[in-house]
Amino acid sequence: EDYCWKNSVRKRCNSTCVVSLEKQKNHQKGFACHHLNSYDIHVHQRYCVENGVFLTKKIHKQFHDMYGYGKNTESQFVDFCWCVFHIDWFERKRELNIE
């Protein structure tokens, strides 16, 4: 299930980091799938493709360094996008057609 979820999230995001807009080429390393509402406490959303986004590993680590690992929410991701990158997450979702 994890593999299918990650593959589906990557495809949904067109192999593009939703923050930096960097595109993954030929399954290169350096990218990760991130649960907007964390895997540990949002059990019913674990394998929901809409609950995932594709990020560079650097940005993924940066998020978790700020907000910790576990008990994360999409609201934290909204704050992270705005405070660190000055990106309106809801606008970015519309631009990328991943609403």
# chains A, B, ... in the order shown; residues from 1 in each chain; ligands from 1
>>> select_by_dssp(residues="chain A", states="strand (DSSP E or B)", output="NGL selection string")
:A and (16 or 23 or 31-35 or 52-56)
>>> write_last_selection(atoms="C-alpha atoms", output="compact mmCIF listing (two decimals), in the first residue's frame")
# COMPACT_ATOMS: atom_id res chain seq x y z
CA THR A 16 7.22 17.99 -9.36
CA LYS A 23 10.91 18.29 -11.47
CA PHE A 31 12.50 13.55 -3.52
CA ALA A 32 9.93 12.36 -0.99
CA CYS A 33 6.19 12.02 -0.56
CA HIS A 34 4.79 13.88 2.43
CA HIS A 35 1.53 13.26 4.29
CA GLY A 52 0.03 13.56 -0.03
CA VAL A 53 2.36 15.97 -1.76
CA PHE A 54 5.68 15.52 -3.56
CA LEU A 55 8.65 17.43 -2.13
CA THR A 56 12.39 17.59 -2.47
>>> residues_around(residues="Asp88 of chain A", least_positions_apart="3", cutoff="12 Å", atoms="only C-alpha atoms", output="NGL selection string")
:A and (18-19 or 75 or 77-85 or 91-95)
>>> write_last_selection(atoms="all heavy atoms", output="compact mmCIF listing (two decimals), in the first residue's frame")
# COMPACT_ATOMS: atom_id res chain seq x y z
N VAL A 18 5.97 20.37 -4.99
CA VAL A 18 4.90 21.37 -4.95
C VAL A 18 5.36 22.70 -4.38
O VAL A 18 4.66 23.71 -4.54
CB VAL A 18 3.66 20.85 -4.17
CG1 VAL A 18 3.08 19.62 -4.83
CG2 VAL A 18 3.98 20.60 -2.70
N VAL A 19 6.51 22.74 -3.77
CA VAL A 19 7.03 24.00 -3.21
C VAL A 19 8.04 24.64 -4.16
O VAL A 19 7.85 25.78 -4.59
CB VAL A 19 7.66 23.77 -1.81
CG1 VAL A 19 8.33 25.04 -1.29
CG2 VAL A 19 6.61 23.28 -0.82
N SER A 75 -2.57 22.31 8.12
CA SER A 75 -2.44 23.70 8.60
C SER A 75 -0.98 24.06 8.85
O SER A 75 -0.56 25.19 8.56
CB SER A 75 -3.24 23.90 9.89
OG SER A 75 -4.60 23.79 9.64
N PHE A 77 1.49 22.76 7.22
CA PHE A 77 2.08 22.88 5.89
C PHE A 77 1.73 24.24 5.27
O PHE A 77 2.58 24.86 4.63
CB PHE A 77 1.62 21.74 4.98
CG PHE A 77 2.41 21.62 3.72
CD1 PHE A 77 3.72 21.15 3.74
CD2 PHE A 77 1.86 21.99 2.51
CE1 PHE A 77 4.46 21.05 2.57
CE2 PHE A 77 2.59 21.90 1.33
CZ PHE A 77 3.90 21.43 1.37
N VAL A 78 0.51 24.71 5.50
CA VAL A 78 0.09 26.04 5.02
C VAL A 78 1.02 27.10 5.63
O VAL A 78 1.55 27.97 4.92
CB VAL A 78 -1.38 26.33 5.40
CG1 VAL A 78 -1.74 27.78 5.14
CG2 VAL A 78 -2.31 25.41 4.63
N ASP A 79 1.22 27.02 6.94
CA ASP A 79 2.11 27.98 7.63
C ASP A 79 3.53 27.88 7.12
O ASP A 79 4.19 28.90 6.88
CB ASP A 79 2.10 27.72 9.14
CG ASP A 79 0.78 28.07 9.80
OD1 ASP A 79 0.00 28.85 9.22
OD2 ASP A 79 0.53 27.54 10.90
N PHE A 80 4.03 26.66 6.96
CA PHE A 80 5.39 26.43 6.47
C PHE A 80 5.59 27.07 5.10
O PHE A 80 6.56 27.80 4.88
CB PHE A 80 5.65 24.92 6.42
CG PHE A 80 6.93 24.52 5.77
CD1 PHE A 80 8.14 24.72 6.41
CD2 PHE A 80 6.93 23.93 4.52
CE1 PHE A 80 9.34 24.32 5.82
CE2 PHE A 80 8.11 23.54 3.91
CZ PHE A 80 9.32 23.74 4.56
N CYS A 81 4.67 26.80 4.19
CA CYS A 81 4.78 27.36 2.83
C CYS A 81 4.83 28.88 2.86
O CYS A 81 5.62 29.51 2.15
CB CYS A 81 3.62 26.89 1.96
SG CYS A 81 3.73 25.16 1.47
N TRP A 82 3.99 29.48 3.71
CA TRP A 82 3.93 30.93 3.75
C TRP A 82 5.14 31.53 4.47
O TRP A 82 5.80 32.45 3.95
CB TRP A 82 2.64 31.41 4.42
CG TRP A 82 2.58 32.89 4.41
CD1 TRP A 82 2.73 33.73 5.46
CD2 TRP A 82 2.41 33.72 3.25
NE1 TRP A 82 2.66 35.04 5.04
CE2 TRP A 82 2.46 35.06 3.69
CE3 TRP A 82 2.22 33.46 1.89
CZ2 TRP A 82 2.32 36.14 2.82
CZ3 TRP A 82 2.09 34.53 1.02
CH2 TRP A 82 2.14 35.85 1.49
N CYS A 83 5.46 31.01 5.64
CA CYS A 83 6.53 31.60 6.46
C CYS A 83 7.92 31.41 5.85
O CYS A 83 8.76 32.30 5.94
CB CYS A 83 6.50 31.01 7.86
SG CYS A 83 5.04 31.47 8.80
N VAL A 84 8.15 30.26 5.24
CA VAL A 84 9.49 29.97 4.72
C VAL A 84 9.65 30.38 3.26
O VAL A 84 10.69 30.89 2.86
CB VAL A 84 9.83 28.47 4.90
CG1 VAL A 84 11.19 28.13 4.32
CG2 VAL A 84 9.77 28.09 6.39
N PHE A 85 8.59 30.20 2.46
CA PHE A 85 8.72 30.41 1.02
C PHE A 85 7.80 31.50 0.47
O PHE A 85 7.82 31.77 -0.73
CB PHE A 85 8.43 29.09 0.27
CG PHE A 85 9.42 28.01 0.60
CD1 PHE A 85 9.14 27.05 1.55
CD2 PHE A 85 10.65 27.95 -0.05
CE1 PHE A 85 10.05 26.05 1.87
CE2 PHE A 85 11.57 26.96 0.25
CZ PHE A 85 11.27 26.01 1.22
N GLU A 91 -3.45 28.60 -3.16
CA GLU A 91 -3.25 29.09 -4.53
C GLU A 91 -2.35 28.14 -5.32
O GLU A 91 -2.61 27.83 -6.48
CB GLU A 91 -2.65 30.50 -4.51
CG GLU A 91 -2.41 31.10 -5.88
CD GLU A 91 -3.67 31.27 -6.71
OE1 GLU A 91 -4.75 31.48 -6.14
OE2 GLU A 91 -3.56 31.16 -7.95
N ARG A 92 -1.30 27.64 -4.68
CA ARG A 92 -0.38 26.72 -5.35
C ARG A 92 -1.12 25.44 -5.75
O ARG A 92 -0.93 24.91 -6.84
CB ARG A 92 0.80 26.41 -4.43
CG ARG A 92 1.82 25.40 -4.94
CD ARG A 92 2.52 25.82 -6.24
NE ARG A 92 3.18 27.09 -6.22
CZ ARG A 92 4.47 27.29 -5.95
NH1 ARG A 92 5.25 26.28 -5.65
NH2 ARG A 92 4.96 28.50 -5.99
N LYS A 93 -2.00 24.94 -4.88
CA LYS A 93 -2.77 23.74 -5.22
C LYS A 93 -3.63 23.98 -6.46
O LYS A 93 -3.72 23.11 -7.32
CB LYS A 93 -3.69 23.32 -4.06
CG LYS A 93 -2.97 22.61 -2.96
CD LYS A 93 -3.86 21.80 -2.04
CE LYS A 93 -5.01 22.47 -1.43
NZ LYS A 93 -5.69 21.64 -0.41
N ARG A 94 -4.22 25.16 -6.54
CA ARG A 94 -5.03 25.49 -7.73
C ARG A 94 -4.16 25.56 -8.97
O ARG A 94 -4.51 25.03 -10.02
CB ARG A 94 -5.78 26.80 -7.52
CG ARG A 94 -7.02 26.68 -6.66
CD ARG A 94 -7.85 27.96 -6.66
NE ARG A 94 -7.20 29.06 -5.98
CZ ARG A 94 -7.23 29.25 -4.65
NH1 ARG A 94 -7.88 28.42 -3.87
NH2 ARG A 94 -6.61 30.29 -4.12
N GLU A 95 -3.01 26.20 -8.86
CA GLU A 95 -2.09 26.34 -10.00
C GLU A 95 -1.65 24.98 -10.52
O GLU A 95 -1.50 24.79 -11.72
CB GLU A 95 -0.84 27.13 -9.58
CG GLU A 95 -1.09 28.59 -9.32
CD GLU A 95 0.13 29.26 -8.66
OE1 GLU A 95 1.16 28.58 -8.42
OE2 GLU A 95 0.03 30.46 -8.37
>>> closest_residue(among="A:Tyr47, A:Gly70, A:His60, A:Asn37", to="Tyr3 of chain A", atoms="only C-alpha atoms")
A:Tyr47
>>> select_by_dssp(residues="chain A", states="helix (DSSP H, G or I)", output="short mmCIF file (atom, residue, chain, number, x, y, z; two decimals) with all heavy atoms, in the first residue's frame")
data_model
loop_
_atom_site.label_atom_id
_atom_site.label_comp_id
_atom_site.auth_asym_id
_atom_site.auth_seq_id
_atom_site.Cartn_x
_atom_site.Cartn_y
_atom_site.Cartn_z
N ASP A 2 1.96 1.22 0.76
CA ASP A 2 2.84 2.39 0.82
C ASP A 2 3.39 2.72 -0.57
O ASP A 2 3.40 3.89 -0.98
CB ASP A 2 4.00 2.17 1.78
CG ASP A 2 3.58 2.19 3.24
OD1 ASP A 2 2.58 2.84 3.56
OD2 ASP A 2 4.27 1.55 4.05
N TYR A 3 3.86 1.71 -1.28
CA TYR A 3 4.42 1.91 -2.61
C TYR A 3 3.38 2.51 -3.55
O TYR A 3 3.67 3.47 -4.28
CB TYR A 3 4.96 0.59 -3.17
CG TYR A 3 5.44 0.73 -4.59
CD1 TYR A 3 6.69 1.27 -4.87
CD2 TYR A 3 4.63 0.36 -5.66
CE1 TYR A 3 7.13 1.43 -6.18
CE2 TYR A 3 5.06 0.51 -6.98
CZ TYR A 3 6.31 1.05 -7.22
OH TYR A 3 6.72 1.21 -8.51
N CYS A 4 2.18 1.96 -3.53
CA CYS A 4 1.11 2.47 -4.40
C CYS A 4 0.77 3.91 -4.06
O CYS A 4 0.57 4.74 -4.95
CB CYS A 4 -0.14 1.59 -4.29
SG CYS A 4 0.06 -0.02 -5.06
N TRP A 5 0.71 4.22 -2.76
CA TRP A 5 0.39 5.59 -2.33
C TRP A 5 1.47 6.55 -2.83
O TRP A 5 1.17 7.58 -3.43
CB TRP A 5 0.26 5.66 -0.81
CG TRP A 5 -0.05 7.03 -0.32
CD1 TRP A 5 -1.26 7.65 -0.31
CD2 TRP A 5 0.89 7.99 0.21
NE1 TRP A 5 -1.14 8.93 0.18
CE2 TRP A 5 0.16 9.15 0.51
CE3 TRP A 5 2.26 7.96 0.44
CZ2 TRP A 5 0.77 10.28 1.04
CZ3 TRP A 5 2.86 9.10 0.98
CH2 TRP A 5 2.12 10.24 1.27
N LYS A 6 2.73 6.21 -2.58
CA LYS A 6 3.84 7.09 -3.00
C LYS A 6 3.85 7.29 -4.51
O LYS A 6 4.02 8.42 -4.99
CB LYS A 6 5.18 6.52 -2.54
CG LYS A 6 5.40 6.61 -1.06
CD LYS A 6 6.69 5.93 -0.66
CE LYS A 6 6.86 5.95 0.85
NZ LYS A 6 8.09 5.27 1.28
N ASN A 7 3.65 6.23 -5.24
CA ASN A 7 3.64 6.31 -6.70
C ASN A 7 2.48 7.18 -7.18
O ASN A 7 2.64 8.00 -8.10
CB ASN A 7 3.57 4.91 -7.30
CG ASN A 7 4.24 4.82 -8.64
OD1 ASN A 7 5.15 5.57 -8.95
ND2 ASN A 7 3.79 3.88 -9.44
N SER A 8 1.33 7.03 -6.56
CA SER A 8 0.15 7.82 -6.94
C SER A 8 0.33 9.29 -6.60
O SER A 8 -0.08 10.17 -7.37
CB SER A 8 -1.10 7.27 -6.25
OG SER A 8 -1.36 5.96 -6.70
N VAL A 9 0.93 9.59 -5.46
CA VAL A 9 1.19 10.98 -5.08
C VAL A 9 2.16 11.62 -6.07
O VAL A 9 1.94 12.74 -6.53
CB VAL A 9 1.73 11.07 -3.62
CG1 VAL A 9 2.26 12.46 -3.32
CG2 VAL A 9 0.65 10.67 -2.64
N ARG A 10 3.23 10.89 -6.39
CA ARG A 10 4.20 11.41 -7.36
C ARG A 10 3.53 11.73 -8.70
O ARG A 10 3.73 12.79 -9.28
CB ARG A 10 5.35 10.42 -7.55
CG ARG A 10 6.45 10.91 -8.47
CD ARG A 10 7.57 9.90 -8.63
NE ARG A 10 7.12 8.58 -9.01
CZ ARG A 10 6.77 8.22 -10.25
NH1 ARG A 10 6.82 9.09 -11.23
NH2 ARG A 10 6.38 6.99 -10.51
N LYS A 11 2.70 10.81 -9.17
CA LYS A 11 2.01 11.02 -10.45
C LYS A 11 1.04 12.19 -10.36
O LYS A 11 0.95 13.00 -11.28
CB LYS A 11 1.26 9.75 -10.85
CG LYS A 11 2.18 8.67 -11.36
CD LYS A 11 1.40 7.42 -11.74
CE LYS A 11 2.33 6.32 -12.21
NZ LYS A 11 1.61 5.08 -12.50
N ARG A 12 0.31 12.27 -9.26
CA ARG A 12 -0.66 13.37 -9.07
C ARG A 12 0.04 14.72 -9.12
O ARG A 12 -0.49 15.70 -9.65
CB ARG A 12 -1.38 13.19 -7.73
CG ARG A 12 -2.32 14.29 -7.38
CD ARG A 12 -3.06 13.92 -6.09
NE ARG A 12 -3.87 15.02 -5.64
CZ ARG A 12 -3.57 15.78 -4.59
NH1 ARG A 12 -2.51 15.54 -3.86
NH2 ARG A 12 -4.36 16.76 -4.24
N VAL A 43 -5.22 8.04 10.70
CA VAL A 43 -5.21 6.68 10.15
C VAL A 43 -6.10 6.56 8.91
O VAL A 43 -5.71 5.93 7.92
CB VAL A 43 -5.64 5.68 11.24
CG1 VAL A 43 -5.70 4.26 10.69
CG2 VAL A 43 -4.70 5.75 12.43
N HIS A 44 -7.26 7.18 8.93
CA HIS A 44 -8.20 7.08 7.81
C HIS A 44 -7.70 7.78 6.55
O HIS A 44 -8.23 7.56 5.47
CB HIS A 44 -9.56 7.63 8.22
CG HIS A 44 -9.54 9.09 8.58
ND1 HIS A 44 -8.97 9.57 9.75
CD2 HIS A 44 -10.00 10.16 7.92
CE1 HIS A 44 -9.09 10.88 9.78
NE2 HIS A 44 -9.71 11.27 8.67
N GLN A 45 -6.66 8.62 6.66
CA GLN A 45 -6.12 9.34 5.50
C GLN A 45 -4.77 8.81 5.05
O GLN A 45 -4.17 9.34 4.12
CB GLN A 45 -5.98 10.83 5.82
CG GLN A 45 -7.29 11.54 6.01
CD GLN A 45 -7.08 13.02 6.26
OE1 GLN A 45 -6.08 13.44 6.84
NE2 GLN A 45 -8.03 13.83 5.82
N VAL A 49 -4.65 9.61 -1.57
CA VAL A 49 -3.69 10.30 -2.43
C VAL A 49 -3.76 11.81 -2.25
O VAL A 49 -2.74 12.50 -2.28
CB VAL A 49 -3.91 9.90 -3.91
CG1 VAL A 49 -2.99 10.68 -4.84
CG2 VAL A 49 -3.71 8.41 -4.09
N GLU A 50 -4.95 12.34 -2.00
CA GLU A 50 -5.12 13.79 -1.81
C GLU A 50 -4.44 14.28 -0.53
O GLU A 50 -4.26 15.48 -0.36
CB GLU A 50 -6.61 14.16 -1.80
CG GLU A 50 -7.31 13.94 -3.11
CD GLU A 50 -7.66 12.47 -3.40
OE1 GLU A 50 -7.68 11.64 -2.46
OE2 GLU A 50 -7.89 12.16 -4.57
N ASN A 51 -4.09 13.38 0.35
CA ASN A 51 -3.40 13.74 1.59
C ASN A 51 -1.88 13.75 1.42
O ASN A 51 -1.15 13.93 2.37
CB ASN A 51 -3.80 12.76 2.71
CG ASN A 51 -3.21 13.16 4.05
OD1 ASN A 51 -3.15 14.33 4.39
ND2 ASN A 51 -2.76 12.18 4.81
N LYS A 57 13.66 16.25 -0.91
CA LYS A 57 14.01 15.75 0.43
C LYS A 57 14.47 16.89 1.33
O LYS A 57 14.22 16.89 2.53
CB LYS A 57 15.07 14.66 0.35
CG LYS A 57 14.50 13.34 -0.09
CD LYS A 57 15.51 12.22 0.03
CE LYS A 57 14.84 10.90 -0.34
NZ LYS A 57 15.78 9.78 -0.26
N LYS A 58 15.13 17.87 0.75
CA LYS A 58 15.61 19.02 1.53
C LYS A 58 14.43 19.78 2.13
O LYS A 58 14.44 20.12 3.33
CB LYS A 58 16.44 19.95 0.63
CG LYS A 58 16.97 21.16 1.34
CD LYS A 58 17.77 22.04 0.40
CE LYS A 58 18.21 23.30 1.11
NZ LYS A 58 18.91 24.23 0.23
N ILE A 59 13.41 20.05 1.33
CA ILE A 59 12.23 20.77 1.83
C ILE A 59 11.45 19.89 2.81
O ILE A 59 10.96 20.38 3.84
CB ILE A 59 11.36 21.25 0.66
CG1 ILE A 59 12.10 22.36 -0.11
CG2 ILE A 59 10.00 21.74 1.13
CD1 ILE A 59 11.45 22.79 -1.41
N HIS A 60 11.37 18.60 2.53
CA HIS A 60 10.68 17.68 3.43
C HIS A 60 11.35 17.69 4.81
O HIS A 60 10.67 17.81 5.85
CB HIS A 60 10.70 16.27 2.83
CG HIS A 60 9.84 15.30 3.53
ND1 HIS A 60 10.31 14.08 3.94
CD2 HIS A 60 8.53 15.34 3.90
CE1 HIS A 60 9.33 13.41 4.53
NE2 HIS A 60 8.25 14.16 4.53
N LYS A 61 12.67 17.62 4.84
CA LYS A 61 13.39 17.66 6.11
C LYS A 61 13.21 19.00 6.80
O LYS A 61 13.04 19.07 8.02
CB LYS A 61 14.88 17.38 5.87
CG LYS A 61 15.69 17.34 7.16
CD LYS A 61 17.15 17.08 6.88
CE LYS A 61 17.99 17.01 8.14
NZ LYS A 61 17.76 17.98 9.17
N GLN A 62 13.24 20.06 6.03
CA GLN A 62 13.07 21.41 6.58
C GLN A 62 11.71 21.52 7.29
O GLN A 62 11.61 22.08 8.38
CB GLN A 62 13.18 22.42 5.44
CG GLN A 62 13.35 23.84 5.85
CD GLN A 62 13.61 24.74 4.64
OE1 GLN A 62 13.61 24.31 3.47
NE2 GLN A 62 13.82 26.00 4.91
N PHE A 63 10.66 20.97 6.66
CA PHE A 63 9.34 20.99 7.29
C PHE A 63 9.38 20.25 8.62
O PHE A 63 8.94 20.77 9.65
CB PHE A 63 8.27 20.35 6.37
CG PHE A 63 6.96 20.17 7.06
CD1 PHE A 63 6.04 21.21 7.11
CD2 PHE A 63 6.64 18.99 7.71
CE1 PHE A 63 4.83 21.07 7.78
CE2 PHE A 63 5.44 18.83 8.38
CZ PHE A 63 4.53 19.88 8.41
N HIS A 64 9.91 19.02 8.62
CA HIS A 64 9.91 18.22 9.84
C HIS A 64 10.86 18.76 10.90
O HIS A 64 10.62 18.59 12.09
CB HIS A 64 10.18 16.76 9.52
CG HIS A 64 9.00 16.08 8.91
ND1 HIS A 64 7.80 15.92 9.58
CD2 HIS A 64 8.81 15.55 7.68
CE1 HIS A 64 6.94 15.30 8.80
NE2 HIS A 64 7.53 15.06 7.63
N ASP A 65 11.92 19.45 10.49
CA ASP A 65 12.79 20.10 11.47
C ASP A 65 12.03 21.20 12.20
O ASP A 65 12.28 21.44 13.39
CB ASP A 65 14.03 20.69 10.80
CG ASP A 65 15.06 19.63 10.40
OD1 ASP A 65 14.92 18.46 10.81
OD2 ASP A 65 15.99 20.00 9.64
N MET A 66 11.11 21.86 11.51
CA MET A 66 10.32 22.93 12.13
C MET A 66 9.15 22.41 12.95
O MET A 66 8.84 22.95 14.01
CB MET A 66 9.79 23.89 11.05
CG MET A 66 10.84 24.78 10.44
SD MET A 66 10.15 25.89 9.18
CE MET A 66 9.17 26.99 10.18
N TYR A 67 8.47 21.38 12.44
CA TYR A 67 7.20 20.93 13.05
C TYR A 67 7.27 19.55 13.70
O TYR A 67 6.27 19.09 14.23
CB TYR A 67 6.09 20.95 11.99
CG TYR A 67 5.78 22.34 11.52
CD1 TYR A 67 6.37 22.84 10.36
CD2 TYR A 67 4.93 23.17 12.23
CE1 TYR A 67 6.11 24.13 9.92
CE2 TYR A 67 4.66 24.46 11.80
CZ TYR A 67 5.26 24.93 10.65
OH TYR A 67 5.00 26.22 10.23
N GLU A 74 -2.19 19.61 7.77
CA GLU A 74 -2.10 20.46 6.60
C GLU A 74 -1.98 21.93 7.01
O GLU A 74 -1.31 22.71 6.32
CB GLU A 74 -3.29 20.26 5.66
CG GLU A 74 -3.15 21.03 4.37
CD GLU A 74 -4.22 20.76 3.33
OE1 GLU A 74 -5.21 20.07 3.65
OE2 GLU A 74 -4.05 21.22 2.19
N SER A 75 -2.57 22.31 8.12
CA SER A 75 -2.44 23.70 8.60
C SER A 75 -0.98 24.06 8.85
O SER A 75 -0.56 25.19 8.56
CB SER A 75 -3.24 23.90 9.89
OG SER A 75 -4.60 23.79 9.64
N GLN A 76 -0.22 23.12 9.36
CA GLN A 76 1.21 23.37 9.55
C GLN A 76 1.90 23.56 8.20
O GLN A 76 2.77 24.43 8.06
CB GLN A 76 1.87 22.20 10.29
CG GLN A 76 1.46 22.09 11.73
CD GLN A 76 2.01 20.83 12.37
OE1 GLN A 76 2.19 19.81 11.71
NE2 GLN A 76 2.25 20.90 13.67
N PHE A 77 1.49 22.76 7.22
CA PHE A 77 2.08 22.88 5.89
C PHE A 77 1.73 24.24 5.27
O PHE A 77 2.58 24.86 4.63
CB PHE A 77 1.62 21.74 4.98
CG PHE A 77 2.41 21.62 3.72
CD1 PHE A 77 3.72 21.15 3.74
CD2 PHE A 77 1.86 21.99 2.51
CE1 PHE A 77 4.46 21.05 2.57
CE2 PHE A 77 2.59 21.90 1.33
CZ PHE A 77 3.90 21.43 1.37
N VAL A 78 0.51 24.71 5.50
CA VAL A 78 0.09 26.04 5.02
C VAL A 78 1.02 27.10 5.63
O VAL A 78 1.55 27.97 4.92
CB VAL A 78 -1.38 26.33 5.40
CG1 VAL A 78 -1.74 27.78 5.14
CG2 VAL A 78 -2.31 25.41 4.63
N ASP A 79 1.22 27.02 6.94
CA ASP A 79 2.11 27.98 7.63
C ASP A 79 3.53 27.88 7.12
O ASP A 79 4.19 28.90 6.88
CB ASP A 79 2.10 27.72 9.14
CG ASP A 79 0.78 28.07 9.80
OD1 ASP A 79 0.00 28.85 9.22
OD2 ASP A 79 0.53 27.54 10.90
N PHE A 80 4.03 26.66 6.96
CA PHE A 80 5.39 26.43 6.47
C PHE A 80 5.59 27.07 5.10
O PHE A 80 6.56 27.80 4.88
CB PHE A 80 5.65 24.92 6.42
CG PHE A 80 6.93 24.52 5.77
CD1 PHE A 80 8.14 24.72 6.41
CD2 PHE A 80 6.93 23.93 4.52
CE1 PHE A 80 9.34 24.32 5.82
CE2 PHE A 80 8.11 23.54 3.91
CZ PHE A 80 9.32 23.74 4.56
N CYS A 81 4.67 26.80 4.19
CA CYS A 81 4.78 27.36 2.83
C CYS A 81 4.83 28.88 2.86
O CYS A 81 5.62 29.51 2.15
CB CYS A 81 3.62 26.89 1.96
SG CYS A 81 3.73 25.16 1.47
N TRP A 82 3.99 29.48 3.71
CA TRP A 82 3.93 30.93 3.75
C TRP A 82 5.14 31.53 4.47
O TRP A 82 5.80 32.45 3.95
CB TRP A 82 2.64 31.41 4.42
CG TRP A 82 2.58 32.89 4.41
CD1 TRP A 82 2.73 33.73 5.46
CD2 TRP A 82 2.41 33.72 3.25
NE1 TRP A 82 2.66 35.04 5.04
CE2 TRP A 82 2.46 35.06 3.69
CE3 TRP A 82 2.22 33.46 1.89
CZ2 TRP A 82 2.32 36.14 2.82
CZ3 TRP A 82 2.09 34.53 1.02
CH2 TRP A 82 2.14 35.85 1.49
N CYS A 83 5.46 31.01 5.64
CA CYS A 83 6.53 31.60 6.46
C CYS A 83 7.92 31.41 5.85
O CYS A 83 8.76 32.30 5.94
CB CYS A 83 6.50 31.01 7.86
SG CYS A 83 5.04 31.47 8.80
N VAL A 84 8.15 30.26 5.24
CA VAL A 84 9.49 29.97 4.72
C VAL A 84 9.65 30.38 3.26
O VAL A 84 10.69 30.89 2.86
CB VAL A 84 9.83 28.47 4.90
CG1 VAL A 84 11.19 28.13 4.32
CG2 VAL A 84 9.77 28.09 6.39
N PHE A 85 8.59 30.20 2.46
CA PHE A 85 8.72 30.41 1.02
C PHE A 85 7.80 31.50 0.47
O PHE A 85 7.82 31.77 -0.73
CB PHE A 85 8.43 29.09 0.27
CG PHE A 85 9.42 28.01 0.60
CD1 PHE A 85 9.14 27.05 1.55
CD2 PHE A 85 10.65 27.95 -0.05
CE1 PHE A 85 10.05 26.05 1.87
CE2 PHE A 85 11.57 26.96 0.25
CZ PHE A 85 11.27 26.01 1.22
N TRP A 89 -0.38 28.24 -0.03
CA TRP A 89 -0.57 26.82 -0.36
C TRP A 89 -1.84 26.57 -1.15
O TRP A 89 -1.86 25.79 -2.10
CB TRP A 89 -0.54 25.97 0.90
CG TRP A 89 -0.93 24.55 0.67
CD1 TRP A 89 -1.92 23.86 1.29
CD2 TRP A 89 -0.37 23.64 -0.28
NE1 TRP A 89 -2.01 22.58 0.79
CE2 TRP A 89 -1.07 22.42 -0.18
CE3 TRP A 89 0.65 23.73 -1.23
CZ2 TRP A 89 -0.78 21.31 -0.97
CZ3 TRP A 89 0.93 22.62 -2.01
CH2 TRP A 89 0.23 21.43 -1.87
N PHE A 90 -2.92 27.24 -0.81
CA PHE A 90 -4.19 27.00 -1.50
C PHE A 90 -4.13 27.50 -2.95
O PHE A 90 -4.66 26.86 -3.85
CB PHE A 90 -5.35 27.63 -0.73
CG PHE A 90 -5.47 27.04 0.65
CD1 PHE A 90 -5.09 27.75 1.76
CD2 PHE A 90 -5.93 25.73 0.81
CE1 PHE A 90 -5.18 27.19 3.03
CE2 PHE A 90 -6.02 25.16 2.07
CZ PHE A 90 -5.64 25.89 3.19
N GLU A 91 -3.45 28.60 -3.16
CA GLU A 91 -3.25 29.09 -4.53
C GLU A 91 -2.35 28.14 -5.32
O GLU A 91 -2.61 27.83 -6.48
CB GLU A 91 -2.65 30.50 -4.51
CG GLU A 91 -2.41 31.10 -5.88
CD GLU A 91 -3.67 31.27 -6.71
OE1 GLU A 91 -4.75 31.48 -6.14
OE2 GLU A 91 -3.56 31.16 -7.95
N ARG A 92 -1.30 27.64 -4.68
CA ARG A 92 -0.38 26.72 -5.35
C ARG A 92 -1.12 25.44 -5.75
O ARG A 92 -0.93 24.91 -6.84
CB ARG A 92 0.80 26.41 -4.43
CG ARG A 92 1.82 25.40 -4.94
CD ARG A 92 2.52 25.82 -6.24
NE ARG A 92 3.18 27.09 -6.22
CZ ARG A 92 4.47 27.29 -5.95
NH1 ARG A 92 5.25 26.28 -5.65
NH2 ARG A 92 4.96 28.50 -5.99
N LYS A 93 -2.00 24.94 -4.88
CA LYS A 93 -2.77 23.74 -5.22
C LYS A 93 -3.63 23.98 -6.46
O LYS A 93 -3.72 23.11 -7.32
CB LYS A 93 -3.69 23.32 -4.06
CG LYS A 93 -2.97 22.61 -2.96
CD LYS A 93 -3.86 21.80 -2.04
CE LYS A 93 -5.01 22.47 -1.43
NZ LYS A 93 -5.69 21.64 -0.41
N ARG A 94 -4.22 25.16 -6.54
CA ARG A 94 -5.03 25.49 -7.73
C ARG A 94 -4.16 25.56 -8.97
O ARG A 94 -4.51 25.03 -10.02
CB ARG A 94 -5.78 26.80 -7.52
CG ARG A 94 -7.02 26.68 -6.66
CD ARG A 94 -7.85 27.96 -6.66
NE ARG A 94 -7.20 29.06 -5.98
CZ ARG A 94 -7.23 29.25 -4.65
NH1 ARG A 94 -7.88 28.42 -3.87
NH2 ARG A 94 -6.61 30.29 -4.12
N GLU A 95 -3.01 26.20 -8.86
CA GLU A 95 -2.09 26.34 -10.00
C GLU A 95 -1.65 24.98 -10.52
O GLU A 95 -1.50 24.79 -11.72
CB GLU A 95 -0.84 27.13 -9.58
CG GLU A 95 -1.09 28.59 -9.32
CD GLU A 95 0.13 29.26 -8.66
OE1 GLU A 95 1.16 28.58 -8.42
OE2 GLU A 95 0.03 30.46 -8.37
#
>>> atom_distance(atom1="atom CA of Ser38 of chain A", atom2="atom CA of Ser15 of chain A")
20.9 Å
>>> atom_distance(atom1="atom CA of Leu96 of chain A", atom2="atom CA of Cys13 of chain A")
7.4 Å
>>> closest_residue(among="A:Glu99, A:Asn14, A:Lys29, A:Asp40", to="Tyr69 of chain A", atoms="only C-alpha atoms")
A:Asp40
>>> atom_distance(atom1="atom CA of His86 of chain A", atom2="atom CA of Thr73 of chain A")
18.5 Å
